[in-house]
Structure formats: structure tokens, C-alpha cells
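One file, coords.pdb, is given below (PDB, C-alpha atoms (C1' of nucleotides)).
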```
MODEL        1
ATOM      1  CA  MET J1041      13.221 -11.094   0.500
ATOM      2  CA  ASP J1042      12.039 -13.763   2.903
ATOM      3  CA  THR J1043       9.132 -16.171   3.172
ATOM      4  CA  ILE J1044       6.725 -13.436   4.227
ATOM      5  CA  ASP J1045       7.646 -11.271   1.239
ATOM      6  CA  ARG J1046       6.989 -14.235  -1.013
ATOM      7  CA  LYS J1047       3.639 -14.852   0.636
ATOM      8  CA  ILE J1048       2.685 -11.216   0.193
ATOM      9  CA  ALA J1049       3.741 -11.314  -3.459
ATOM     10  CA  THR J1050       1.684 -14.453  -3.960
ATOM     11  CA  CYS J1051      -1.374 -12.723  -2.493
ATOM     12  CA  LEU J1052      -0.889  -9.709  -4.758
ATOM     13  CA  MET J1053      -0.410 -11.838  -7.872
ATOM     14  CA  GLY J1054      -3.714 -13.517  -7.172
ATOM     15  CA  ASP J1055      -5.581 -10.311  -6.415
ATOM     16  CA  ALA J1056      -3.812  -7.032  -5.865
ATOM     17  CA  ARG J1057      -6.999  -5.497  -4.526
ATOM     18  CA  LEU J1058      -6.904  -7.500  -1.321
ATOM     19  CA  SER J1059      -6.969  -5.090   1.589
ATOM     20  CA  LEU J1060      -3.994  -4.817   3.919
ATOM     21  CA  ALA J1061      -6.246  -6.268   6.617
ATOM     22  CA  GLU J1062      -6.800  -9.445   4.618
ATOM     23  CA  ILE J1063      -3.158  -9.843   3.678
ATOM     24  CA  SER J1064      -2.201  -9.205   7.298
ATOM     25  CA  ALA J1065      -4.463 -12.015   8.421
ATOM     26  CA  ARG J1066      -2.965 -14.402   5.871
ATOM     27  CA  VAL J1067       0.667 -13.698   6.663
ATOM     28  CA  GLY J1068       0.305 -13.034  10.379
ATOM     29  CA  LEU J1069       1.631  -9.481  10.566
ATOM     30  CA  SER J1070       0.022  -6.130  11.322
ATOM     31  CA  THR J1071      -1.365  -4.044   8.486
ATOM     32  CA  SER J1072       1.393  -1.481   8.836
ATOM     33  CA  ALA J1073       4.127  -4.098   8.676
ATOM     34  CA  VAL J1074       2.535  -5.519   5.536
ATOM     35  CA  ASN J1075       2.262  -2.028   4.092
ATOM     36  CA  ASP J1076       5.944  -1.368   4.786
ATOM     37  CA  ARG J1077       6.958  -4.598   3.095
ATOM     38  CA  ILE J1078       4.851  -3.918   0.016
ATOM     39  CA  GLN J1079       6.354  -0.458  -0.318
ATOM     40  CA  LYS J1080       9.862  -1.841  -0.023
ATOM     41  CA  LEU J1081       9.144  -4.532  -2.612
ATOM     42  CA  ARG J1082       7.964  -1.792  -4.961
ATOM     43  CA  GLN J1083      10.931   0.452  -4.242
ATOM     44  CA  ARG J1084      13.385  -2.374  -4.939
ATOM     45  CA  GLY J1085      11.540  -3.174  -8.157
ATOM     46  CA  ALA J1086      10.614  -6.683  -7.055
ATOM     47  CA  ILE J1087       7.026  -5.620  -7.675
ATOM     48  CA  ARG J1088       7.085  -3.733 -10.958
ATOM     49  CA  GLY J1089       3.530  -2.559 -10.869
ATOM     50  CA  ILE J1090      -0.105  -3.372 -10.267
ATOM     51  CA  ARG J1091      -2.003  -3.907 -13.493
ATOM     52  CA  ALA J1092      -5.329  -4.995 -14.872
ATOM     53  CA  ASP J1093      -5.366  -8.408 -16.558
ATOM     54  CA  LEU J1094      -7.683  -8.226 -19.573
ATOM     55  CA  ASP J1095      -9.686 -10.690 -21.601
ATOM     56  CA  PRO J1096      -8.330 -10.116 -25.112
ATOM     57  CA  ALA J1097     -11.513 -11.342 -26.797
ATOM     58  CA  ALA J1098     -13.608  -8.768 -24.930
ATOM     59  CA  PHE J1099     -11.439  -6.061 -26.450
ATOM     60  CA  GLY J1100     -11.617  -7.402 -29.976
ATOM     61  CA  ARG J1101      -8.305  -9.269 -30.045
ATOM     62  CA  PRO J1102      -9.248 -12.946 -30.052
ATOM     63  CA  VAL J1103      -6.273 -14.203 -32.066
ATOM     64  CA  LEU J1104      -2.999 -15.090 -30.383
ATOM     65  CA  ALA J1105      -0.065 -15.780 -32.671
ATOM     66  CA  PHE J1106       3.573 -16.641 -32.068
ATOM     67  CA  LEU J1107       6.007 -15.575 -34.702
ATOM     68  CA  PHE J1108       9.623 -16.619 -35.088
ATOM     69  CA  VAL J1109      11.760 -14.446 -37.239
ATOM     70  CA  ALA J1110      15.262 -14.618 -38.636
ATOM     71  CA  LEU J1111      16.472 -11.129 -39.445
ATOM     72  CA  ALA J1112      17.699 -10.176 -42.895
ATOM     73  CA  ARG J1113      21.407  -9.586 -43.232
ATOM     74  CA  GLY J1114      22.672  -6.128 -42.524
ATOM     75  CA  ILE J1115      19.605  -5.137 -40.544
ATOM     76  CA  SER J1116      20.221  -2.960 -37.504
ATOM     77  CA  GLU J1117      18.846  -4.887 -34.562
ATOM     78  CA  GLU J1118      18.422  -1.601 -32.771
ATOM     79  CA  ALA J1119      16.113  -0.325 -35.502
ATOM     80  CA  PHE J1120      14.216  -3.597 -35.645
ATOM     81  CA  ARG J1121      13.611  -3.565 -31.908
ATOM     82  CA  ALA J1122      12.423   0.007 -31.949
ATOM     83  CA  ASP J1123      10.010  -0.740 -34.781
ATOM     84  CA  ILE J1124       8.620  -3.846 -33.090
ATOM     85  CA  ALA J1125       8.328  -2.189 -29.693
ATOM     86  CA  GLY J1126       6.180   0.521 -31.227
ATOM     87  CA  ARG J1127       3.591  -1.808 -32.737
ATOM     88  CA  PRO J1128       0.476  -2.197 -30.624
ATOM     89  CA  GLU J1129      -0.291  -5.784 -31.693
ATOM     90  CA  VAL J1130       3.035  -6.936 -30.217
ATOM     91  CA  THR J1131       2.448  -8.085 -26.646
ATOM     92  CA  ALA J1132       5.804  -9.794 -26.175
ATOM     93  CA  CYS J1133       9.103  -9.929 -28.041
ATOM     94  CA  HIS J1134      12.198 -11.799 -26.959
ATOM     95  CA  HIS J1135      15.674 -12.105 -28.393
ATOM     96  CA  VAL J1136      16.257 -15.841 -28.330
ATOM     97  CA  THR J1137      18.905 -18.486 -28.814
ATOM     98  CA  GLY J1138      18.721 -21.040 -31.622
ATOM     99  CA  GLY J1139      17.883 -20.900 -35.291
ATOM    100  CA  TRP J1140      15.595 -17.890 -34.951
ATOM    101  CA  ASN J1141      16.528 -14.419 -33.761
ATOM    102  CA  TYR J1142      13.280 -13.217 -32.204
ATOM    103  CA  LEU J1143      10.128 -14.725 -30.810
ATOM    104  CA  ILE J1144       7.188 -12.344 -31.102
ATOM    105  CA  GLN J1145       3.779 -12.694 -29.506
ATOM    106  CA  LEU J1146       0.872 -10.944 -31.213
ATOM    107  CA  ARG J1147      -2.703 -10.260 -30.077
ATOM    108  CA  LEU J1148      -4.768  -9.646 -33.167
ATOM    109  CA  GLU J1149      -8.276  -8.822 -34.322
ATOM    110  CA  GLY J1150      -8.244 -11.610 -36.882
ATOM    111  CA  LEU J1151      -6.173 -13.452 -39.431
ATOM    112  CA  GLU J1152      -6.243 -10.454 -41.777
ATOM    113  CA  ALA J1153      -4.281  -8.558 -39.145
ATOM    114  CA  LEU J1154      -1.761 -11.387 -38.990
ATOM    115  CA  GLU J1155      -1.342 -11.285 -42.746
ATOM    116  CA  ALA J1156      -0.892  -7.529 -42.580
ATOM    117  CA  PHE J1157       1.765  -7.866 -39.905
ATOM    118  CA  LEU J1158       3.707 -10.443 -41.891
ATOM    119  CA  SER J1159       3.448  -8.315 -45.018
ATOM    120  CA  MET J1160       4.788  -5.362 -43.098
ATOM    121  CA  LEU J1161       7.804  -7.360 -41.920
ATOM    122  CA  LYS J1162       8.568  -8.575 -45.422
ATOM    123  CA  ALA J1163       7.926  -5.278 -47.132
ATOM    124  CA  GLY J1164      10.119  -3.489 -44.620
ATOM    125  CA  GLY J1165      12.984  -5.808 -45.493
ATOM    126  CA  TRP J1166      13.406  -6.764 -41.845
ATOM    127  CA  ILE J1167      13.330 -10.514 -42.096
ATOM    128  CA  GLU J1168      14.918 -13.320 -44.025
ATOM    129  CA  ARG J1169      12.360 -15.928 -43.026
ATOM    130  CA  SER J1170       9.676 -16.478 -40.424
ATOM    131  CA  GLU J1171       7.388 -19.098 -39.003
ATOM    132  CA  THR J1172       3.987 -18.571 -37.472
ATOM    133  CA  MET J1173       2.128 -20.611 -34.884
ATOM    134  CA  LEU J1174      -1.408 -19.892 -33.787
ATOM    135  CA  SER J1175      -2.597 -20.608 -30.279
ATOM    136  CA  LEU J1176      -5.602 -22.915 -30.351
ATOM    137  CA  SER J1177      -6.158 -22.819 -26.612
ATOM    138  CA  ALA J1178      -4.339 -21.869 -23.456
ATOM    139  CA  VAL J1179      -3.507 -24.425 -20.788
ATOM    140  CA  VAL J1180      -1.776 -21.842 -18.592
ATOM    141  CA  GLU J1181      -2.064 -18.155 -19.367
ATOM    142  CA  PRO J1182      -0.220 -15.243 -17.784
ATOM    143  CA  PRO J1183      -1.901 -11.844 -17.312
ATOM    144  CA  VAL J1184      -2.827 -10.176 -20.570
ATOM    145  CA  ILE J1185      -2.202  -6.576 -21.404
ATOM    146  CA  LEU J1186      -3.156  -5.074 -24.730
ATOM    147  CA  ARG J1187      -1.678  -2.061 -26.420
ATOM    148  CA  GLY J1188      -3.358   0.378 -28.726
ATOM    149  CA  LEU J1189      -6.856   0.122 -27.311
TER     150      LEU J1189
ATOM    151  CA  MET Q 218     -17.555  -1.565 -24.618
ATOM    152  CA  ASP Q 219     -16.937   1.904 -26.000
ATOM    153  CA  THR Q 220     -14.056   4.332 -26.253
ATOM    154  CA  ILE Q 221     -14.342   5.308 -22.611
ATOM    155  CA  ASP Q 222     -14.198   1.683 -21.463
ATOM    156  CA  ARG Q 223     -11.078   1.242 -23.545
ATOM    157  CA  LYS Q 224      -9.525   4.355 -22.037
ATOM    158  CA  ILE Q 225     -10.314   3.130 -18.556
ATOM    159  CA  ALA Q 226      -8.827  -0.279 -19.345
ATOM    160  CA  THR Q 227      -5.708   1.414 -20.698
ATOM    161  CA  CYS Q 228      -5.334   3.396 -17.474
ATOM    162  CA  LEU Q 229      -5.714   0.263 -15.372
ATOM    163  CA  MET Q 230      -3.228  -1.710 -17.443
ATOM    164  CA  GLY Q 231      -0.653   1.001 -16.866
ATOM    165  CA  ASP Q 232      -1.332   1.317 -13.146
ATOM    166  CA  ALA Q 233      -4.341  -0.238 -11.502
ATOM    167  CA  ARG Q 234      -3.706   1.777  -8.351
ATOM    168  CA  LEU Q 235      -4.780   5.022  -9.968
ATOM    169  CA  SER Q 236      -7.591   6.537  -7.927
ATOM    170  CA  LEU Q 237     -11.057   6.921  -9.399
ATOM    171  CA  ALA Q 238     -10.485  10.684  -9.192
ATOM    172  CA  GLU Q 239      -7.455  10.470 -11.484
ATOM    173  CA  ILE Q 240      -9.121   8.160 -13.961
ATOM    174  CA  SER Q 241     -12.183  10.408 -13.944
ATOM    175  CA  ALA Q 242     -10.048  13.372 -14.863
ATOM    176  CA  ARG Q 243      -8.419  11.484 -17.726
ATOM    177  CA  VAL Q 244     -11.629  10.154 -19.256
ATOM    178  CA  GLY Q 245     -13.889  13.077 -18.413
ATOM    179  CA  LEU Q 246     -16.511  11.348 -16.273
ATOM    180  CA  SER Q 247     -17.453  11.499 -12.610
ATOM    181  CA  THR Q 248     -15.816   9.103 -10.194
ATOM    182  CA  SER Q 249     -18.995   7.113  -9.691
ATOM    183  CA  ALA Q 250     -19.551   6.708 -13.423
ATOM    184  CA  VAL Q 251     -15.999   5.430 -13.725
ATOM    185  CA  ASN Q 252     -16.543   3.129 -10.766
ATOM    186  CA  ASP Q 253     -19.720   1.735 -12.351
ATOM    187  CA  ARG Q 254     -17.906   1.059 -15.603
ATOM    188  CA  ILE Q 255     -15.006  -0.672 -13.904
ATOM    189  CA  GLN Q 256     -17.382  -2.887 -11.950
ATOM    190  CA  LYS Q 257     -19.256  -3.782 -15.105
ATOM    191  CA  LEU Q 258     -16.020  -4.557 -16.952
ATOM    192  CA  ARG Q 259     -15.086  -6.902 -14.116
ATOM    193  CA  GLN Q 260     -18.523  -8.514 -13.996
ATOM    194  CA  ARG Q 261     -18.452  -9.197 -17.731
ATOM    195  CA  GLY Q 262     -14.973 -10.646 -17.420
ATOM    196  CA  ALA Q 263     -13.395  -8.041 -19.696
ATOM    197  CA  ILE Q 264     -11.128  -7.252 -16.751
ATOM    198  CA  ARG Q 265     -10.115 -10.632 -15.364
ATOM    199  CA  GLY Q 266      -8.341  -9.338 -12.324
ATOM    200  CA  ILE Q 267      -5.903  -6.859 -10.839
ATOM    201  CA  ARG Q 268      -2.514  -8.402 -10.263
ATOM    202  CA  ALA Q 269       1.014  -7.575  -9.209
ATOM    203  CA  ASP Q 270       3.606  -7.680 -11.997
ATOM    204  CA  LEU Q 271       6.825  -9.140 -10.572
ATOM    205  CA  ASP Q 272      10.492  -8.971 -11.440
ATOM    206  CA  PRO Q 273      11.356 -12.650 -11.890
ATOM    207  CA  ALA Q 274      15.038 -12.112 -11.062
ATOM    208  CA  ALA Q 275      14.160 -10.566  -7.705
ATOM    209  CA  PHE Q 276      12.338 -13.772  -6.833
ATOM    210  CA  GLY Q 277      15.133 -16.065  -7.925
ATOM    211  CA  ARG Q 278      13.827 -16.966 -11.379
ATOM    212  CA  PRO Q 279      16.146 -15.198 -13.806
ATOM    213  CA  VAL Q 280      15.931 -17.735 -16.631
ATOM    214  CA  LEU Q 281      13.163 -17.549 -19.221
ATOM    215  CA  ALA Q 282      12.868 -20.515 -21.579
ATOM    216  CA  PHE Q 283      10.489 -21.394 -24.386
ATOM    217  CA  LEU Q 284       9.925 -25.043 -25.037
ATOM    218  CA  PHE Q 285       8.215 -26.633 -28.010
ATOM    219  CA  VAL Q 286       7.040 -30.146 -27.551
ATOM    220  CA  ALA Q 287       5.604 -32.840 -29.783
ATOM    221  CA  LEU Q 288       3.676 -35.337 -27.698
ATOM    222  CA  ALA Q 289       4.439 -39.020 -27.745
ATOM    223  CA  ARG Q 290       1.874 -41.224 -29.455
ATOM    224  CA  GLY Q 291      -0.967 -42.496 -27.364
ATOM    225  CA  ILE Q 292      -0.535 -39.825 -24.702
ATOM    226  CA  SER Q 293      -3.730 -38.442 -23.221
ATOM    227  CA  GLU Q 294      -3.656 -34.734 -23.881
ATOM    228  CA  GLU Q 295      -5.937 -34.265 -20.909
ATOM    229  CA  ALA Q 296      -3.382 -35.887 -18.609
ATOM    230  CA  PHE Q 297      -0.517 -33.927 -20.165
ATOM    231  CA  ARG Q 298      -2.321 -30.645 -19.670
ATOM    232  CA  ALA Q 299      -3.155 -31.434 -16.071
ATOM    233  CA  ASP Q 300       0.458 -32.341 -15.360
ATOM    234  CA  ILE Q 301       1.832 -29.211 -17.014
ATOM    235  CA  ALA Q 302      -0.725 -26.914 -15.393
ATOM    236  CA  GLY Q 303       0.358 -28.146 -11.989
ATOM    237  CA  ARG Q 304       4.039 -27.337 -12.405
ATOM    238  CA  PRO Q 305       5.057 -24.040 -10.837
ATOM    239  CA  GLU Q 306       7.838 -23.257 -13.310
ATOM    240  CA  VAL Q 307       5.288 -23.180 -16.166
ATOM    241  CA  THR Q 308       4.123 -19.593 -16.640
ATOM    242  CA  ALA Q 309       2.389 -20.149 -19.985
ATOM    243  CA  CYS Q 310       1.348 -23.121 -22.069
ATOM    244  CA  HIS Q 311      -0.483 -23.003 -25.373
ATOM    245  CA  HIS Q 312      -1.812 -25.652 -27.695
ATOM    246  CA  VAL Q 313      -0.530 -24.516 -31.069
ATOM    247  CA  THR Q 314      -0.776 -25.154 -34.768
ATOM    248  CA  GLY Q 315       2.157 -26.418 -36.812
ATOM    249  CA  GLY Q 316       4.802 -29.069 -36.317
ATOM    250  CA  TRP Q 317       4.744 -28.825 -32.531
ATOM    251  CA  ASN Q 318       1.831 -29.543 -30.233
ATOM    252  CA  TYR Q 319       2.521 -27.232 -27.317
ATOM    253  CA  LEU Q 320       4.494 -24.091 -26.637
ATOM    254  CA  ILE Q 321       5.523 -23.845 -22.994
ATOM    255  CA  GLN Q 322       7.024 -20.852 -21.235
ATOM    256  CA  LEU Q 323       9.162 -21.518 -18.172
ATOM    257  CA  ARG Q 324      10.566 -19.202 -15.479
ATOM    258  CA  LEU Q 325      13.467 -20.989 -13.871
ATOM    259  CA  GLU Q 326      16.100 -20.621 -11.175
ATOM    260  CA  GLY Q 327      18.866 -21.687 -13.517
ATOM    261  CA  LEU Q 328      19.823 -24.031 -16.306
ATOM    262  CA  GLU Q 329      19.851 -26.980 -13.929
ATOM    263  CA  ALA Q 330      16.131 -26.456 -13.440
ATOM    264  CA  LEU Q 331      15.679 -26.460 -17.221
ATOM    265  CA  GLU Q 332      17.540 -29.727 -17.497
ATOM    266  CA  ALA Q 333      15.411 -31.175 -14.712
ATOM    267  CA  PHE Q 334      12.230 -30.098 -16.466
ATOM    268  CA  LEU Q 335      13.296 -31.677 -19.749
ATOM    269  CA  SER Q 336      14.316 -34.846 -17.965
ATOM    270  CA  MET Q 337      10.932 -34.995 -16.301
ATOM    271  CA  LEU Q 338       9.153 -34.687 -19.648
ATOM    272  CA  LYS Q 339      11.248 -37.440 -21.186
ATOM    273  CA  ALA Q 340      11.154 -39.726 -18.178
ATOM    274  CA  GLY Q 341       7.407 -39.341 -17.950
ATOM    275  CA  GLY Q 342       7.069 -40.525 -21.544
ATOM    276  CA  TRP Q 343       5.101 -37.412 -22.448
ATOM    277  CA  ILE Q 344       7.007 -36.224 -25.453
ATOM    278  CA  GLU Q 345       8.379 -37.508 -28.704
ATOM    279  CA  ARG Q 346      10.705 -34.579 -29.281
ATOM    280  CA  SER Q 347      11.242 -31.037 -28.086
ATOM    281  CA  GLU Q 348      13.141 -27.883 -28.819
ATOM    282  CA  THR Q 349      14.255 -25.249 -26.343
ATOM    283  CA  MET Q 350      14.927 -21.578 -26.839
ATOM    284  CA  LEU Q 351      16.310 -19.308 -24.143
ATOM    285  CA  SER Q 352      15.365 -15.666 -23.922
ATOM    286  CA  LEU Q 353      18.494 -13.511 -24.046
ATOM    287  CA  SER Q 354      16.631 -10.251 -23.533
ATOM    288  CA  ALA Q 355      13.122  -8.884 -23.727
ATOM    289  CA  VAL Q 356      12.186  -6.172 -26.209
ATOM    290  CA  VAL Q 357       8.557  -6.129 -25.065
ATOM    291  CA  GLU Q 358       7.505  -7.963 -21.930
ATOM    292  CA  PRO Q 359       4.025  -8.579 -20.583
ATOM    293  CA  PRO Q 360       3.329  -8.651 -16.835
ATOM    294  CA  VAL Q 361       5.073 -11.466 -15.037
ATOM    295  CA  ILE Q 362       3.480 -13.745 -12.517
ATOM    296  CA  LEU Q 363       5.360 -16.553 -10.834
ATOM    297  CA  ARG Q 364       3.972 -19.684  -9.314
ATOM    298  CA  GLY Q 365       5.299 -21.662  -6.403
ATOM    299  CA  LEU Q 366       6.926 -18.804  -4.524
TER     300      LEU Q 366
ATOM    301  C1'  DT U 690     -24.778   9.875 -14.987
ATOM    302  C1'  DA U 691     -23.818  13.185 -11.005
ATOM    303  C1'  DT U 692     -23.814  14.426  -6.093
ATOM    304  C1'  DG U 693     -22.856  13.842  -1.397
ATOM    305  C1'  DA U 694     -22.835  11.032   2.882
ATOM    306  C1'  DA U 695     -21.174   6.903   4.995
ATOM    307  C1'  DA U 696     -18.052   3.006   5.238
ATOM    308  C1'  DC U 697     -13.918   1.482   4.508
ATOM    309  C1'  DT U 698      -8.861   1.492   3.475
ATOM    310  C1'  DA U 699      -4.275   3.053   3.338
ATOM    311  C1'  DT U 700      -0.872   5.781   5.326
ATOM    312  C1'  DA U 701       1.977   8.263   8.727
ATOM    313  C1'  DC U 702       3.508   8.484  13.178
ATOM    314  C1'  DA U 703       4.808   7.573  17.874
ATOM    315  C1'  DG U 704       6.173   3.973  20.692
ATOM    316  C1'  DT U 705       8.296  -0.849  21.653
ATOM    317  C1'  DA U 706      11.208  -4.769  21.421
TER     318       DA U 706
ATOM    319  C1'  DT A 983      15.860  -2.570  12.039
ATOM    320  C1'  DA A 984      11.402  -4.595  12.044
ATOM    321  C1'  DC A 985       7.072  -4.505  14.157
ATOM    322  C1'  DT A 986       2.496  -2.814  16.555
ATOM    323  C1'  DG A 987      -1.467   0.170  17.402
ATOM    324  C1'  DT A 988      -3.708   4.427  16.729
ATOM    325  C1'  DA A 989      -5.022   8.694  14.448
ATOM    326  C1'  DT A 990      -5.563  10.904  10.171
ATOM    327  C1'  DA A 991      -6.224  11.428   5.373
ATOM    328  C1'  DG A 992      -7.874   9.547   1.448
ATOM    329  C1'  DT A 993     -10.675   6.410  -1.332
ATOM    330  C1'  DT A 994     -14.482   3.627  -2.601
ATOM    331  C1'  DT A 995     -19.254   2.631  -2.272
ATOM    332  C1'  DC A 996     -23.988   3.525  -2.118
ATOM    333  C1'  DA A 997     -28.377   5.944  -1.809
ATOM    334  C1'  DT A 998     -30.667   9.492  -4.031
ATOM    335  C1'  DA A 999     -31.900  12.640  -7.620
TER     336       DA A 999
ENDMDL
END
```

As C-alpha cells - that is how I would like this structure written.
Amino acid sequence: MDTIDRKIATCLMGDARLSLAEISARVGLSTSAVNDRIQKLRQRGAIRGIRADLDPAAFGRPVLAFLFVALARGISEEAFRADIAGRPEVTACHHVTGGWNYLIQLRLEGLEALEAFLSMLKAGGWIERSETMLSLSAVVEPPVILRGL
Amino acid sequence: MDTIDRKIATCLMGDARLSLAEISARVGLSTSAVNDRIQKLRQRGAIRGIRADLDPAAFGRPVLAFLFVALARGISEEAFRADIAGRPEVTACHHVTGGWNYLIQLRLEGLEALEAFLSMLKAGGWIERSETMLSLSAVVEPPVILRGL
DNA sequence: TATGAAACTATACAGTA
DNA sequence: TACTGTATAGTTTCATA
């Protein structure tokens, strides 16, 4: 993992469809050397994959919500995680420090879907309390993947 | 934007290096029809790009922090956004509803870098108050891009 | 939307430092 | 061990129907 690997990774984050010839020109190595390095980065797991970055609105998911939840007492975190991980509207979920247990990111069709999600959490007895924040606009946005298309 | 487009997008989110032949087989269309659809999805902006998904730890950024900030009075939001957007540790930043103004996601080398970021925000007079949450583990994680490698 | 030819790209390999 | 250049295999692209 040296400067050249970082340059290659930077190229591929910007556009993973760049040809080896173009990347070679940018980093100053032959195409085969660049190819070797990319393969090694993938083998080591430094590059996890090459994925499409979608526009959520184009796929009918214009609403981005952040949800903080405090789990109900006696809930199995294992079961909660499995449930959450299986829901297609969940695009991120992190176990976090502080007054809340989990931070969940949702990509939704509309506010009705948000209400439905919150109802599901309450009805399932998973949570003690929650707080919801809606994204009004993005200043910096990472690649978007959507589940359940 | 029909079922086939959604299937194609799903394939490309999973692995954008799948050949047209493989995608064709999965969606039941010829390779050129699939190619046409992919190009149109890109032209329309439904597919924003094809990017590498990185392991942040492999690139020396093991710490994931979420930061909520309330801006100081009289601050130009325009200037704040420009400043934030230019900082490489910021991997997401959203203008949000509720008691906080912005939710910022940071990928950091360590806790020292978190402290430095908070100090910068305070010293710059940007914020009135803030709250930080650290991610302990990810249940669901979207693709990761890193800036400033 | 499908077919097939042409252009391009990635990959494997042999050789070199 | 890391790199280069070349030959091959594979993929995308494009013209045509």
C-alpha cells in the first residue's frame, strides 16, 4: 500500500471504468503493472468491489431519512440486527456510542414509507424511543446503492 | 425505467464488472439491448457512475464518526458548505431537519483527527454546539469512498 | 431489439532488472 | 519481487436488418 496504490484507488473511486491504459498514463506505470496492483488490492480486500452509484430519485426513492433508535429492554441485539439488515429501505445501519444505540439511514419512496417503517419498529417492540431527521439536501454525498429494486 | 432496468441496476450495484453477456443471461435480453439500456441509464443520470468501494481501514481510516452541528448565528451557510465540502475527511454531509443543522460523516485516521476536526470547527467560529457519535460496528454499510488519499 | 463484424480492453506470459 | 512489452482471449461498440 504505497503512493501508487493510493493513486490507483483514487482513479477507481472517481470512475472505475477508466481503462488500464488511462490509469497507466496517470500513475506512470505499464498497464500490466497497474493490472497487477489492482488485482492485489482486490485480493487483500482493500478494494471491496466495483459498483454502480445510483440516483435514488430516478429509482423512486427520493426521501433520505436518518433514524436514531434506543432499543427496548430485553431485546436481542442479534435479532434486531438481522431484522434491520433484511429490510430493503435500510441503506446504512451503525451501532453507535452515546445516548442512542443505532443510527439507521433509510431511502424511501415518500413520507408514508417512513411512517410505515416507524410503525413497524414500534409494533415489533424493538425500540424504546427514536428520533428522525430528514435530509433536506446533500452537501457531500457518498455513492448510493439501493436495495429491493 | 421498467423492471428490466431495475434488474440491470441491481446487477451493477452488486458487481459493475459483470460482462454484458452475464447480465444478458440474467435479464433475458441480448447483450446489445443491455448495453443500450445501461448507456441510457447513464445518460439520464439514473446511474451516476461506476466506482470502487474501498475498505477504509486498509487505507488508514479506521474511525467512522457522525457529527451533528448547530451553526453559529450569522454564519453564511454557503461558506460553511464550501469549507466542509473541501475537507477530505468528510465523506457525507447533509442539511437536516430538527434541532441540528447538519449531519456530517467523517472517515478518520484516529481519534486525534476527530479532535482536530472539532477544534477546527470551533476555532473557525462555525458552530454553536455539536454532538459526536462514533460507529462501533456496521450492520449495513453502503459503498465507501475516501477523499484525500 | 437482435446479429455479427470491428475496435478496443484486459489478461497471461515470457523476459528483465 | 516488481516491472515491461507482447500475444492472446475476451469484451464492448457499432452498423445493419

Legend entry - Result set of the PyMOL selection byres ((chain Q) within 10 of (chain A)) on the coordinates above, as a ChimeraX atom specification: /Q:236-238,248-249,252

Run through the PyMOL selection byres ((chain Q) within 12 of (chain U)) on the given coordinates and return the selected residues as a ChimeraX atom specification.
-> /Q:234,245-254

Take the residues from that selection and write them out as an mmCIF file, in the frame of the given file, keeping C-alpha atoms.
```
data_model
loop_
_atom_site.group_PDB
_atom_site.id
_atom_site.type_symbol
_atom_site.label_atom_id
_atom_site.label_comp_id
_atom_site.auth_asym_id
_atom_site.auth_seq_id
_atom_site.Cartn_x
_atom_site.Cartn_y
_atom_site.Cartn_z
ATOM 1 C CA ARG Q 234 -3.706 1.777 -8.351
ATOM 2 C CA GLY Q 245 -13.889 13.077 -18.413
ATOM 3 C CA LEU Q 246 -16.511 11.348 -16.273
ATOM 4 C CA SER Q 247 -17.453 11.499 -12.610
ATOM 5 C CA THR Q 248 -15.816 9.103 -10.194
ATOM 6 C CA SER Q 249 -18.995 7.113 -9.691
ATOM 7 C CA ALA Q 250 -19.551 6.708 -13.423
ATOM 8 C CA VAL Q 251 -15.999 5.430 -13.725
ATOM 9 C CA ASN Q 252 -16.543 3.129 -10.766
ATOM 10 C CA ASP Q 253 -19.720 1.735 -12.351
ATOM 11 C CA ARG Q 254 -17.906 1.059 -15.603
#
```

Residue list for chain J near chain Q as a PDB file with C-alpha atoms, in the coordinates of the input, 6 Å, all atoms listed in the file:
```pdb
ATOM      1  CA  ARG J1046       6.989 -14.235  -1.013  1.00  0.00           C
ATOM      2  CA  LEU J1052      -0.889  -9.709  -4.758  1.00  0.00           C
ATOM      3  CA  MET J1053      -0.410 -11.838  -7.872  1.00  0.00           C
ATOM      4  CA  ASP J1055      -5.581 -10.311  -6.415  1.00  0.00           C
ATOM      5  CA  ALA J1056      -3.812  -7.032  -5.865  1.00  0.00           C
ATOM      6  CA  ALA J1086      10.614  -6.683  -7.055  1.00  0.00           C
ATOM      7  CA  ILE J1087       7.026  -5.620  -7.675  1.00  0.00           C
ATOM      8  CA  ARG J1088       7.085  -3.733 -10.958  1.00  0.00           C
ATOM      9  CA  GLY J1089       3.530  -2.559 -10.869  1.00  0.00           C
ATOM     10  CA  ILE J1090      -0.105  -3.372 -10.267  1.00  0.00           C
ATOM     11  CA  ARG J1091      -2.003  -3.907 -13.493  1.00  0.00           C
ATOM     12  CA  ALA J1092      -5.329  -4.995 -14.872  1.00  0.00           C
ATOM     13  CA  ASP J1093      -5.366  -8.408 -16.558  1.00  0.00           C
ATOM     14  CA  LEU J1094      -7.683  -8.226 -19.573  1.00  0.00           C
ATOM     15  CA  ASP J1095      -9.686 -10.690 -21.601  1.00  0.00           C
ATOM     16  CA  ALA J1098     -13.608  -8.768 -24.930  1.00  0.00           C
ATOM     17  CA  ALA J1132       5.804  -9.794 -26.175  1.00  0.00           C
ATOM     18  CA  CYS J1133       9.103  -9.929 -28.041  1.00  0.00           C
ATOM     19  CA  HIS J1134      12.198 -11.799 -26.959  1.00  0.00           C
ATOM     20  CA  HIS J1135      15.674 -12.105 -28.393  1.00  0.00           C
ATOM     21  CA  VAL J1136      16.257 -15.841 -28.330  1.00  0.00           C
ATOM     22  CA  THR J1137      18.905 -18.486 -28.814  1.00  0.00           C
ATOM     23  CA  MET J1173       2.128 -20.611 -34.884  1.00  0.00           C
ATOM     24  CA  LEU J1174      -1.408 -19.892 -33.787  1.00  0.00           C
ATOM     25  CA  SER J1175      -2.597 -20.608 -30.279  1.00  0.00           C
ATOM     26  CA  LEU J1176      -5.602 -22.915 -30.351  1.00  0.00           C
ATOM     27  CA  SER J1177      -6.158 -22.819 -26.612  1.00  0.00           C
ATOM     28  CA  ALA J1178      -4.339 -21.869 -23.456  1.00  0.00           C
ATOM     29  CA  VAL J1179      -3.507 -24.425 -20.788  1.00  0.00           C
ATOM     30  CA  VAL J1180      -1.776 -21.842 -18.592  1.00  0.00           C
ATOM     31  CA  GLU J1181      -2.064 -18.155 -19.367  1.00  0.00           C
ATOM     32  CA  PRO J1182      -0.220 -15.243 -17.784  1.00  0.00           C
ATOM     33  CA  LEU J1189      -6.856   0.122 -27.311  1.00  0.00           C
TER      34      LEU J1189
END
```

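Atom CA of Ser293 of chain Q to atom CA of Leu323 of chain Q spans 21.9 Å [interatomic distance, one decimal].
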
*asked:* Which residues are near Glu326 of chain Q? Cut-off 8 Å, all atoms listed in the file, ignore same chain within fewer than 5 positions. Put them as a VMD selection string.
replied: chain Q and resid 277 to 280

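The space separating atom CA of Leu325 of chain Q from atom CA of Glu294 of chain Q comes to 24.1 Å.
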
Each side padded by 8 Å, which centre and which edge lengths in Å (one decimal) define the axis-aligned box around the listed atoms of segment 307-312 of chain Q? Give them as JSON.
```
{"center_x": 1.7, "center_y": -22.6, "center_z": -21.9, "size_x": 23.1, "size_y": 22.1, "size_z": 27.5}
```

Discussion item. Just want the 9 Å neighbourhood of segment 338-343 of chain Q, counted on only C-alpha atoms (C1' of nucleotides), with same-chain residues fewer than 2 positions away dropped. Output as an MDAnalysis selection string.
Written reply: chainID Q and resid 287:290 292:293 297 333:336 345:346

Between atom CA of Arg1147 of chain J and atom CA of Ile221 of chain Q lies a distance of 20.8 Å
